[in-house]
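The next block is final-v8.pdb, given as PDB, C-alpha atoms and all ligand atoms.
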```pdb
ATOM      1  CA  MET A   1       2.085  10.307   8.270
ATOM      2  CA  VAL A   2      -0.547   8.752   6.091
ATOM      3  CA  ASN A   3      -1.587   5.144   6.082
ATOM      4  CA  PRO A   4       0.986   3.518   3.774
ATOM      5  CA  ALA A   5      -1.714   1.375   2.175
ATOM      6  CA  VAL A   6      -3.281   4.331   0.381
ATOM      7  CA  PRO A   7      -1.769   5.878  -2.761
ATOM      8  CA  HIS A   8       0.960   8.242  -1.648
ATOM      9  CA  LEU A   9       4.199   9.961  -2.447
ATOM     10  CA  TYR A  10       7.090   9.106  -0.166
ATOM     11  CA  VAL A  11      10.455  10.580   0.752
ATOM     12  CA  VAL A  12      13.105   8.148   1.962
ATOM     13  CA  ALA A  13      16.752   8.476   2.929
ATOM     14  CA  GLU A  14      19.571   6.291   4.111
ATOM     15  CA  GLU A  15      19.049   5.746   7.803
ATOM     16  CA  GLY A  16      20.803   8.286   9.982
ATOM     17  CA  GLY A  17      22.326   9.981   6.971
ATOM     18  CA  GLU A  18      22.402  13.565   5.821
ATOM     19  CA  GLY A  19      22.695  12.706   2.142
ATOM     20  CA  PRO A  20      20.276  12.804  -0.749
ATOM     21  CA  VAL A  21      16.677  11.674  -0.475
ATOM     22  CA  LYS A  22      14.516   9.687  -2.827
ATOM     23  CA  PHE A  23      11.090  10.830  -4.019
ATOM     24  CA  GLY A  24       8.887   8.002  -5.200
ATOM     25  CA  ILE A  25       5.294   6.887  -5.285
ATOM     26  CA  ASN A  26       3.318   3.909  -4.111
ATOM     27  CA  ALA A  27       0.071   3.501  -5.977
ATOM     28  CA  SER A  28      -1.015   0.225  -4.425
ATOM     29  CA  ARG A  29      -4.203   0.216  -2.452
ATOM     30  CA  ASP A  30      -3.658  -3.038  -0.709
ATOM     31  CA  SER A  31      -0.012  -3.576   0.131
ATOM     32  CA  ALA A  32       0.262  -5.474   3.374
ATOM     33  CA  THR A  33       2.906  -3.360   5.044
ATOM     34  CA  GLY A  34       3.242  -0.360   2.797
ATOM     35  CA  ARG A  35       6.959  -1.055   2.692
ATOM     36  CA  PRO A  36       7.389  -3.847   0.193
ATOM     37  CA  GLY A  37      11.006  -4.109  -0.814
ATOM     38  CA  LEU A  38      11.990  -1.019   1.092
ATOM     39  CA  ASN A  39      15.470  -2.286   1.731
ATOM     40  CA  SER A  40      15.780  -4.962  -0.905
ATOM     41  CA  GLY A  41      18.827  -4.498  -3.059
ATOM     42  CA  ASN A  42      20.034  -1.532  -1.074
ATOM     43  CA  PRO A  43      23.126  -2.115   1.050
ATOM     44  CA  ARG A  44      22.090   0.519   3.570
ATOM     45  CA  ARG A  45      18.866   0.684   5.514
ATOM     46  CA  LEU A  46      16.372   3.273   4.424
ATOM     47  CA  GLU A  47      14.070   5.306   6.592
ATOM     48  CA  VAL A  48      10.843   6.967   5.536
ATOM     49  CA  LEU A  49      11.067  10.717   6.142
ATOM     50  CA  HIS A  50       7.612  11.537   4.872
ATOM     51  CA  ARG A  51       4.509  10.113   3.252
ATOM     52  CA  GLN A  52       1.994  12.363   1.536
ATOM     53  CA  ARG A  53      -1.410  11.173   0.435
ATOM     54  CA  ILE A  54      -2.151  12.135  -3.153
ATOM     55  CA  PRO A  55      -5.149  10.959  -5.199
ATOM     56  CA  LEU A  56      -4.235   8.075  -7.479
ATOM     57  CA  ALA A  57      -5.284  10.095 -10.542
ATOM     58  CA  ASP A  58      -2.658  12.744  -9.743
ATOM     59  CA  LEU A  59       0.092  10.609  -8.216
ATOM     60  CA  ARG A  60       2.290   9.895 -11.234
ATOM     61  CA  TRP A  61       2.000  13.527 -12.385
ATOM     62  CA  ALA A  62       3.000  14.760  -8.926
ATOM     63  CA  GLU A  63       6.077  12.542  -8.979
ATOM     64  CA  TRP A  64       6.935  13.779 -12.476
ATOM     65  CA  LEU A  65       6.652  17.442 -11.454
ATOM     66  CA  ILE A  66       8.815  16.931  -8.377
ATOM     67  CA  HIS A  67      11.507  15.165 -10.378
ATOM     68  CA  GLN A  68      11.466  17.863 -13.077
ATOM     69  CA  ARG A  69      11.414  20.852 -10.739
ATOM     70  CA  LEU A  70      14.214  19.481  -8.561
ATOM     71  CA  ARG A  71      16.498  18.519 -11.423
ATOM     72  CA  LEU A  72      19.127  21.059 -10.316
ATOM     73  CA  TYR A  73      19.626  18.806  -7.293
ATOM     74  CA  HIS A  74      19.497  15.449  -9.065
ATOM     75  CA  GLU A  75      22.047  12.926  -7.864
ATOM     76  CA  ARG A  76      21.103   9.578  -9.416
ATOM     77  CA  GLY A  77      17.973   7.620 -10.168
ATOM     78  CA  GLU A  78      15.194   9.183  -8.102
ATOM     79  CA  TRP A  79      17.613  10.648  -5.540
ATOM     80  CA  PHE A  80      17.954  14.384  -4.977
ATOM     81  CA  ASP A  81      20.196  16.469  -2.747
ATOM     82  CA  VAL A  82      17.541  18.833  -1.420
ATOM     83  CA  ARG A  83      17.792  18.787   2.374
ATOM     84  CA  ARG A  84      19.087  22.378   2.373
ATOM     85  CA  LEU A  85      15.787  23.482   0.807
ATOM     86  CA  VAL A  86      13.631  21.961   3.526
ATOM     87  CA  GLU A  87      12.961  24.194   6.505
ATOM     88  CA  ASN A  88      12.744  22.571   9.931
ATOM     89  CA  GLY A  89      12.107  19.149   8.490
ATOM     90  CA  ASP A  90       8.821  20.305   7.003
ATOM     91  CA  TRP A  91       8.696  17.826   4.124
ATOM     92  CA  GLU A  92       4.973  18.276   3.682
ATOM     93  CA  GLY A  93       5.364  22.015   3.184
ATOM     94  CA  PHE A  94       8.279  21.430   0.853
ATOM     95  CA  VAL A  95       6.417  18.903  -1.305
ATOM     96  CA  GLU A  96       3.401  21.201  -1.480
ATOM     97  CA  GLY A  97       5.631  24.127  -2.438
ATOM     98  CA  VAL A  98       7.284  22.130  -5.206
ATOM     99  CA  LEU A  99       3.938  20.917  -6.548
ATOM    100  CA  ALA A 100       2.586  24.475  -6.491
ATOM    101  CA  GLY A 101       5.765  25.766  -8.134
ATOM    102  CA  THR A 102       6.348  28.221  -5.292
ATOM    103  CA  ALA A 103       9.225  26.608  -3.356
ATOM    104  CA  ASP A 104      12.493  28.558  -3.348
ATOM    105  CA  GLY A 105      15.346  27.251  -5.458
ATOM    106  CA  ILE A 106      13.331  25.059  -7.813
ATOM    107  CA  GLU A 107      13.191  25.172 -11.591
ATOM    108  CA  GLU A 108      10.159  25.854 -13.681
ATOM    109  CA  TRP A 109       8.966  23.116 -15.945
ATOM    110  CA  SER A 110       6.335  23.364 -18.630
ATOM    111  CA  LEU A 111       5.438  21.837 -21.957
ATOM    112  CA  ARG A 112       4.282  24.551 -24.333
ATOM    113  CA  GLY A 113       3.740  24.552 -28.072
ATOM    114  CA  PRO A 114       4.365  27.175 -30.765
ATOM    115  CA  THR A 115       0.667  28.101 -30.795
ATOM    116  CA  GLY A 116       0.666  28.888 -27.079
ATOM    117  CA  HIS A 117      -1.094  25.746 -25.941
ATOM    118  CA  GLU A 118       0.372  24.258 -22.774
ATOM    119  CA  LEU A 119       0.057  21.007 -20.859
ATOM    120  CA  ALA A 120      -1.953  21.704 -17.709
ATOM    121  CA  ARG A 121      -1.672  18.288 -16.089
ATOM    122  CA  MET A 122      -1.631  14.562 -16.591
ATOM    123  CA  GLU A 123      -4.228  12.274 -15.055
ATOM    124  CA  ARG A 124      -4.223   8.568 -14.481
ATOM    125  CA  VAL A 125      -7.541   7.081 -15.554
ATOM    126  CA  SER A 126      -8.704   4.036 -13.615
ATOM    127  CA  GLU A 127     -11.796   2.187 -14.663
ATOM    128  CA  HIS A 128     -12.837  -0.681 -12.442
ATOM    129  CA  GLY A 129      -9.617  -2.592 -12.469
ATOM    130  CA  GLY A 130      -9.030  -2.181 -16.178
ATOM    131  CA  PRO A 131      -5.573  -1.341 -17.472
ATOM    132  CA  ARG A 132      -4.325   2.036 -16.339
ATOM    133  CA  HIS A 133      -3.971   4.793 -18.861
ATOM    134  CA  PHE A 134      -3.038   8.433 -18.813
ATOM    135  CA  ARG A 135      -4.817  11.514 -20.056
ATOM    136  CA  ALA A 136      -3.070  14.748 -21.002
ATOM    137  CA  VAL A 137      -5.079  17.908 -20.306
ATOM    138  CA  CYS A 138      -4.320  21.168 -22.114
ATOM    139  CA  GLU A 139      -4.771  24.636 -20.658
ATOM    140  CA  CYS A 140      -7.354  25.169 -23.436
ATOM    141  CA  GLY A 141      -9.541  22.389 -22.033
ATOM    142  CA  PHE A 142      -8.719  19.787 -24.680
ATOM    143  CA  ASP A 143      -7.728  16.407 -23.342
ATOM    144  CA  MET A 144      -6.075  13.420 -24.979
ATOM    145  CA  ASP A 145      -6.509   9.924 -23.602
ATOM    146  CA  GLY A 146      -3.452   7.852 -24.404
ATOM    147  CA  GLY A 147      -5.287   4.583 -24.105
ATOM    148  CA  PRO A 148      -4.203   1.541 -22.144
ATOM    149  CA  ARG A 149      -0.632   0.520 -21.457
ATOM    150  CA  LEU A 150       1.110   3.676 -22.642
ATOM    151  CA  SER A 151       3.445   5.205 -20.075
ATOM    152  CA  MET A 152       2.847   8.748 -18.914
ATOM    153  CA  PRO A 153       5.884  10.169 -20.787
ATOM    154  CA  THR A 154       4.728   8.390 -23.955
ATOM    155  CA  VAL A 155       1.316  10.060 -23.707
ATOM    156  CA  GLN A 156       3.029  13.382 -23.041
ATOM    157  CA  LYS A 157       5.044  12.945 -26.221
ATOM    158  CA  LEU A 158       1.939  12.159 -28.291
ATOM    159  CA  PHE A 159       0.200  15.194 -26.825
ATOM    160  CA  ALA A 160       3.236  17.421 -27.429
ATOM    161  CA  VAL A 161       3.431  16.483 -31.086
ATOM    162  CA  GLN A 162      -0.248  16.089 -31.982
ATOM    163  CA  HIS A 163      -1.849  18.873 -29.943
ATOM    164  CA  LEU A 164       0.914  21.292 -28.995
ATOM    165  CA  GLY A 165       2.460  21.063 -32.461
ATOM    166  CA  LEU A 166       5.984  20.464 -31.245
ATOM    167  CA  ASP A 167       8.533  18.820 -33.515
ATOM    168  CA  PRO A 168       9.264  15.246 -32.381
ATOM    169  CA  ALA A 169      12.963  16.056 -32.739
ATOM    170  CA  SER A 170      12.758  19.241 -30.649
ATOM    171  CA  PRO A 171      14.680  19.381 -27.370
ATOM    172  CA  ALA A 172      11.468  19.659 -25.334
ATOM    173  CA  VAL A 173      10.031  16.464 -26.785
ATOM    174  CA  ARG A 174      13.302  14.557 -26.734
ATOM    175  CA  ALA A 175      13.724  15.474 -23.068
ATOM    176  CA  LEU A 176      10.506  13.618 -22.256
ATOM    177  CA  GLY A 177      12.312  10.425 -23.132
ATOM    178  CA  ARG A 178      15.114  11.251 -20.766
ATOM    179  CA  GLN A 179      12.975  11.226 -17.673
ATOM    180  CA  ILE A 180      14.504  10.299 -14.383
ATOM    181  CA  HIS A 181      15.436   6.658 -14.629
ATOM    182  CA  HIS A 182      13.354   4.520 -12.329
ATOM    183  CA  GLN A 183      15.535   1.897 -10.741
ATOM    184  CA  ARG A 184      12.566  -0.291 -10.053
ATOM    185  CA  ALA A 185      14.436  -3.543  -9.838
ATOM    186  CA  THR A 186      16.898  -2.644  -7.126
ATOM    187  CA  ASP A 187      15.707   0.481  -5.405
ATOM    188  CA  ASP A 188      11.996   0.291  -4.972
ATOM    189  CA  VAL A 189       9.608   1.050  -2.156
ATOM    190  CA  GLY A 190       6.566  -0.153  -3.970
ATOM    191  CA  GLY A 191       4.893  -0.465  -7.320
ATOM    192  CA  SER A 192       3.475   2.400  -9.241
TER
HETATM  193 ZN    ZN B   1      -4.829  23.146 -26.221
END
```

Any chance you could give the structure as structure tokens?
Amino acid sequence: MVNPAVPHLYVVAEEGGEGPVKFGINASRDSATGRPGLNSGNPRRLEVLHRQRIPLADLRWAEWLIHQRLRLYHERGEWFDVRRLVENGDWEGFVEGVLAGTADGIEEWSLRGPTGHELARMERVSEHGGPRHFRAVCECGFDMDGGPRLSMPTVQKLFAVQHLGLDPASPAVRALGRQIHHQRATDDVGGS
């Protein structure tokens, strides 16, 4: 497993259980233990099944893709019932397969406009400790910087309407506001 002090995606589960697992991210570079609040607010102890190092610029996007592509298995919050999809406990291979869109049993997810333009990826832009912001990159090469303090889904919505030409009231755009609810207050393994 990776050093928990570097930006990473994690998979946790209730200790000793066979139930759903939680996919989350920890973007902090300097957390003392890498497990701040791991068990706070949760009546059962959690164990870390996997940590995967992902560059900070791609971390939030990776989490988003995993949550979208596993939505068939969504249980609650950031918890997903996916153990049956993971062969021989190979969480790393599973996460890579989901991120590549090649894992068996997952759903496709894309954001495409009527003119054929499509969101290629989202990037977190970090500039010397300044406020984080997100950039949406189109398959055509165009990119839109959402500016400081806008959440990733908010920037996706702006991009969908302004560049992809989607109707703000369309199901695809409205769905961006119904992202997996992050239960940060009670069920967190670290800030993001
Ligand atoms: Zn484009």

Check which residues of chain A sit at most 9 Å from ligand ZN 1 (chain B) using all atoms listed in the file, and return one row each with the closest pair of atoms and their distance in Å to one decimal, ordered by chain and rising number, as a Markdown table.
```
| residue | atom | partner | partner_atom | distance |
| --- | --- | --- | --- | --- |
| A:Gly113 | CA | B:ZN1 | ZN | 8.9 |
| A:Thr115 | CA | B:ZN1 | ZN | 8.7 |
| A:Gly116 | CA | B:ZN1 | ZN | 8.0 |
| A:His117 | CA | B:ZN1 | ZN | 4.6 |
| A:Glu118 | CA | B:ZN1 | ZN | 6.3 |
| A:Leu119 | CA | B:ZN1 | ZN | 7.6 |
| A:Val137 | CA | B:ZN1 | ZN | 7.9 |
| A:Cys138 | CA | B:ZN1 | ZN | 4.6 |
| A:Glu139 | CA | B:ZN1 | ZN | 5.8 |
| A:Cys140 | CA | B:ZN1 | ZN | 4.3 |
| A:Gly141 | CA | B:ZN1 | ZN | 6.3 |
| A:Phe142 | CA | B:ZN1 | ZN | 5.4 |
| A:Asp143 | CA | B:ZN1 | ZN | 7.9 |
| A:His163 | CA | B:ZN1 | ZN | 6.4 |
| A:Leu164 | CA | B:ZN1 | ZN | 6.6 |
```

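The interatomic distance for the pair CA of Arg135 in chain A and CA of Glu108 in chain A works out to 21.7 Å.
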
Legend entry - Proximity to Arg132 in chain A - best of A:Glu15, A:Phe23, A:Leu56, A:Glu78, only C-alpha atoms: A:Leu56

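Distances to Leu176 in chain A were evaluated for A:Gln68, A:Pro4, A:Gln162, A:Phe134 using only C-alpha atoms, and the minimum falls at A:Gln68.
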
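Atom pair CA of Lys22 in chain A / CA of Asp81 in chain A: separated by 8.8 Å.
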
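Atom pair CA of Leu46 in chain A / CA of Leu65 in chain A: separated by 23.4 Å.
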
Inset, instruction - Would you kindly translate the PyMOL selection byres (((chain A and resi 11) around 9) and not hetatm) into the concrete residues it picks from this file, as a PyMOL selection string? - result: chain A and resi 9-10+12-13+21-25+47-52+91

Inset, instruction - Would you be able to write out as JSON, numbers by chain which residues have an atom within 12 Å of (5.7, 18.3, -5.9) in the file's coordinates, counting only C-alpha atoms? - result: {"A": [8, 9, 10, 11, 23, 24, 25, 52, 53, 54, 58, 59, 60, 61, 62, 63, 64, 65, 66, 67, 68, 69, 70, 91, 92, 93, 94, 95, 96, 97, 98, 99, 100, 101, 102, 103, 106, 107, 108, 109]}

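Counting all atoms listed in the file, the residue from A:Gly77, A:Pro20, A:Pro153, A:Pro114 that sits nearest to Gly165 in chain A is A:Pro114.
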
Inset, instruction - Return the single residue from A:Arg71, A:Pro55, A:Arg124, A:Leu111 that is closest to Ala172 in chain A, with distances computed using all atoms listed in the file. - result: A:Leu111

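Between Gly130 in chain A and the candidates A:Leu158, A:Arg149, A:Arg112, A:Asp167, the tightest atom-to-atom separation, counting only C-alpha atoms, involves A:Arg149.
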
Let me know the centre plus edge lengths, in Å and rounded to one decimal, of a box with edges along x, y and z that contains all listed atoms of range 155-170 of chain A and is padded by 5 Å on every side, as JSON.
```
{"center_x": 5.6, "center_y": 15.7, "center_z": -28.3, "size_x": 24.8, "size_y": 21.2, "size_z": 20.5}
```

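Taking all atoms listed in the file into account, Met122 in chain A lies nearest to A:Ala57 out of the set A:Leu150, A:Ala57, A:Val6, A:Val161.
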